[in-house]
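*Asks:* File data04.pdb follows (PDB, C-alpha atoms):
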MODEL        1
ATOM      1  CA  MET A   1      14.858 -21.117  36.406  1.00  0.00           C
ATOM      2  CA  CYS A   2      12.770 -22.144  33.391  1.00  0.00           C
ATOM      3  CA  LYS A   3      14.402 -23.333  30.196  1.00  0.00           C
ATOM      4  CA  LYS A   4      14.184 -20.760  27.380  1.00  0.00           C
ATOM      5  CA  PHE A   5      13.446 -21.671  23.773  1.00  0.00           C
ATOM      6  CA  LYS A   6      13.954 -19.861  20.476  1.00  0.00           C
ATOM      7  CA  VAL A   7      10.662 -19.789  18.587  1.00  0.00           C
ATOM      8  CA  VAL A   8       9.269 -18.438  15.331  1.00  0.00           C
ATOM      9  CA  LYS A   9       5.680 -17.504  14.482  1.00  0.00           C
ATOM     10  CA  LYS A  10       3.734 -20.016  12.422  1.00  0.00           C
ATOM     11  CA  ASN A  11       3.098 -19.117   8.803  1.00  0.00           C
ATOM     12  CA  ILE A  12      -0.573 -18.214   9.021  1.00  0.00           C
ATOM     13  CA  PRO A  13      -1.810 -16.155   6.055  1.00  0.00           C
ATOM     14  CA  VAL A  14      -3.750 -13.003   6.916  1.00  0.00           C
ATOM     15  CA  THR A  15      -5.391 -10.464   4.639  1.00  0.00           C
ATOM     16  CA  ALA A  16      -4.098  -6.909   4.505  1.00  0.00           C
ATOM     17  CA  TYR A  17      -4.733  -3.568   2.882  1.00  0.00           C
ATOM     18  CA  GLN A  18      -2.981  -0.227   3.095  1.00  0.00           C
ATOM     19  CA  THR A  19      -5.240   2.550   4.358  1.00  0.00           C
ATOM     20  CA  THR A  20      -5.395   5.956   2.703  1.00  0.00           C
ATOM     21  CA  LYS A  21      -7.092   7.755   5.593  1.00  0.00           C
ATOM     22  CA  HIS A  22      -7.055   8.101   9.383  1.00  0.00           C
ATOM     23  CA  ILE A  23      -9.195   5.384  10.986  1.00  0.00           C
ATOM     24  CA  ASP A  24      -9.804   3.860  14.406  1.00  0.00           C
ATOM     25  CA  ILE A  25      -9.929   0.061  14.584  1.00  0.00           C
ATOM     26  CA  LYS A  26     -11.428  -2.085  17.329  1.00  0.00           C
ATOM     27  CA  THR A  27      -8.760  -4.667  18.195  1.00  0.00           C
ATOM     28  CA  LEU A  28      -8.544  -7.393  20.827  1.00  0.00           C
ATOM     29  CA  GLU A  29      -6.529  -4.920  22.951  1.00  0.00           C
ATOM     30  CA  GLY A  30      -8.917  -1.981  22.477  1.00  0.00           C
ATOM     31  CA  VAL A  31      -9.272   0.797  19.915  1.00  0.00           C
ATOM     32  CA  MET A  32      -6.106   1.573  17.918  1.00  0.00           C
ATOM     33  CA  HIS A  33      -5.520   4.451  15.486  1.00  0.00           C
ATOM     34  CA  ALA A  34      -4.186   3.960  11.953  1.00  0.00           C
ATOM     35  CA  ASN A  35      -2.713   6.680   9.756  1.00  0.00           C
ATOM     36  CA  PRO A  36      -2.577   6.885   5.961  1.00  0.00           C
ATOM     37  CA  GLY A  37       0.032   4.392   4.737  1.00  0.00           C
ATOM     38  CA  ASP A  38      -0.462   1.988   7.664  1.00  0.00           C
ATOM     39  CA  TRP A  39      -1.529  -1.571   6.916  1.00  0.00           C
ATOM     40  CA  ILE A  40      -4.757  -3.033   8.323  1.00  0.00           C
ATOM     41  CA  LEU A  41      -4.534  -6.790   8.862  1.00  0.00           C
ATOM     42  CA  THR A  42      -7.334  -9.289   9.434  1.00  0.00           C
ATOM     43  CA  GLY A  43      -6.482 -12.619  11.049  1.00  0.00           C
ATOM     44  CA  PRO A  44      -8.052 -16.051  10.567  1.00  0.00           C
ATOM     45  CA  LYS A  45     -10.652 -15.452  13.297  1.00  0.00           C
ATOM     46  CA  GLY A  46     -11.666 -12.028  11.964  1.00  0.00           C
ATOM     47  CA  GLU A  47      -9.520 -10.084  14.413  1.00  0.00           C
ATOM     48  CA  ARG A  48      -8.139  -6.814  13.008  1.00  0.00           C
ATOM     49  CA  TRP A  49      -5.099  -4.705  13.863  1.00  0.00           C
ATOM     50  CA  PRO A  50      -3.085  -1.872  12.303  1.00  0.00           C
ATOM     51  CA  VAL A  51       0.627  -2.165  11.484  1.00  0.00           C
ATOM     52  CA  LYS A  52       2.889   0.804  10.695  1.00  0.00           C
ATOM     53  CA  LYS A  53       4.365   0.648   7.165  1.00  0.00           C
ATOM     54  CA  ASP A  54       7.995   0.285   8.338  1.00  0.00           C
ATOM     55  CA  ILE A  55       7.096  -2.593  10.672  1.00  0.00           C
ATOM     56  CA  PHE A  56       4.995  -4.240   7.950  1.00  0.00           C
ATOM     57  CA  ASP A  57       7.910  -4.032   5.517  1.00  0.00           C
ATOM     58  CA  LEU A  58      10.223  -5.720   8.072  1.00  0.00           C
ATOM     59  CA  THR A  59       7.910  -8.505   9.203  1.00  0.00           C
ATOM     60  CA  TYR A  60       5.422  -9.354   6.428  1.00  0.00           C
ATOM     61  CA  LYS A  61       5.722 -10.518   2.821  1.00  0.00           C
ATOM     62  CA  ILE A  62       2.943 -10.142   0.262  1.00  0.00           C
ATOM     63  CA  ILE A  63       2.288 -13.593  -1.217  1.00  0.00           C
ATOM     64  CA  ASP A  64      -0.273 -12.917  -3.972  1.00  0.00           C
TER      65      ASP A  64
ENDMDL
END
Mind converting the file's structure to structure tokens?
*Replies:*
Amino acid sequence: MCKKFKVVKKNIPVTAYQTTKHIDIKTLEGVMHANPGDWILTGPKGERWPVKKDIFDLTYKIID
């Protein structure tokens, strides 16, 4: 059996905005749908993904 480790994501800033309309976003995993109120994030390599508002509120903190 392999040894298991507790880990935490690195603090890598990403940009984000909250959408006001329904949109489809091309992500690394395929096309994902975002609803009004969802957050659209862009990572350091230009990758984009939507995040539901409740998940965003639990896992992200606005820094500026």
*Asks:* Output as lines of an AutoDock Vina configuration file the centre and edge lengths (Å, one decimal) of the box along x, y and z of the file that holds every listed atom of region 50-56 of chain A after adding 6 Å on each side.
*Replies:*
center_x = 2.5
center_y = -1.7
center_z = 9.7
size_x = 23.1
size_y = 17.0
size_z = 17.1
*Asks:* Give as a compact mmCIF listing (two decimals) with C-alpha atoms, in the coordinates of the input every residue, naming chains and numbers as the document does, that has an atom within 6 Å of (2.6, -0.1, 3.6), counting only C-alpha atoms.
*Replies:*
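File produced: result-v1.txt:
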# COMPACT_ATOMS: atom_id res chain seq x y z
CA GLN A 18 -2.98 -0.23 3.10
CA GLY A 37 0.03 4.39 4.74
CA ASP A 38 -0.46 1.99 7.66
CA TRP A 39 -1.53 -1.57 6.92
CA LYS A 53 4.36 0.65 7.16
*Asks:* Need the shell around Trp49 (chain A): protein/DNA/RNA residues with any atom at most 9 Å away, counting only C-alpha atoms. Skip same-chain ones fewer than 2 positions apart. Format as a PDB file with C-alpha atoms, keeping the file's coordinate frame?
*Replies:*
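The resulting file, result12.pdb, is reproduced below:
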ATOM      1  CA  ILE A  25      -9.929   0.061  14.584  1.00  0.00           C
ATOM      2  CA  LYS A  26     -11.428  -2.085  17.329  1.00  0.00           C
ATOM      3  CA  THR A  27      -8.760  -4.667  18.195  1.00  0.00           C
ATOM      4  CA  LEU A  28      -8.544  -7.393  20.827  1.00  0.00           C
ATOM      5  CA  MET A  32      -6.106   1.573  17.918  1.00  0.00           C
ATOM      6  CA  ALA A  34      -4.186   3.960  11.953  1.00  0.00           C
ATOM      7  CA  TRP A  39      -1.529  -1.571   6.916  1.00  0.00           C
ATOM      8  CA  ILE A  40      -4.757  -3.033   8.323  1.00  0.00           C
ATOM      9  CA  LEU A  41      -4.534  -6.790   8.862  1.00  0.00           C
ATOM     10  CA  THR A  42      -7.334  -9.289   9.434  1.00  0.00           C
ATOM     11  CA  GLY A  43      -6.482 -12.619  11.049  1.00  0.00           C
ATOM     12  CA  GLU A  47      -9.520 -10.084  14.413  1.00  0.00           C
ATOM     13  CA  VAL A  51       0.627  -2.165  11.484  1.00  0.00           C
TER      14      VAL A  51
END
*Asks:* Which residues fall under the PyMOL selection byres ((chain A and resi 23) around 8) in this file, as a VMD selection string?
*Replies:* chain A and resid 21 to 22 24 to 25 33 to 35
*Asks:* Measuring between only C-alpha atoms, which one of A:Val14, A:Glu29, A:Asp64, A:Lys4 shows the shortest distance to Gly46 (chain A)?
*Replies:*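 Closest candidate: A:Val14.
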*Asks:* Could you tell me how far CA of Asp54 (chain A) lies from CA of Pro36 (chain A), in Å and to one decimal?
*Replies:*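 So the two atoms, CA of Asp54 (chain A) and CA of Pro36 (chain A), lie 12.7 Å apart.
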*Asks:* Care to translate the PyMOL selection byres ((chain A and resi 8-11) around 12) into actual residues of this file, as JSON, numbers by chain?
*Replies:* {"A": [5, 6, 7, 12, 13, 14, 43, 44, 59, 60, 61, 63]}
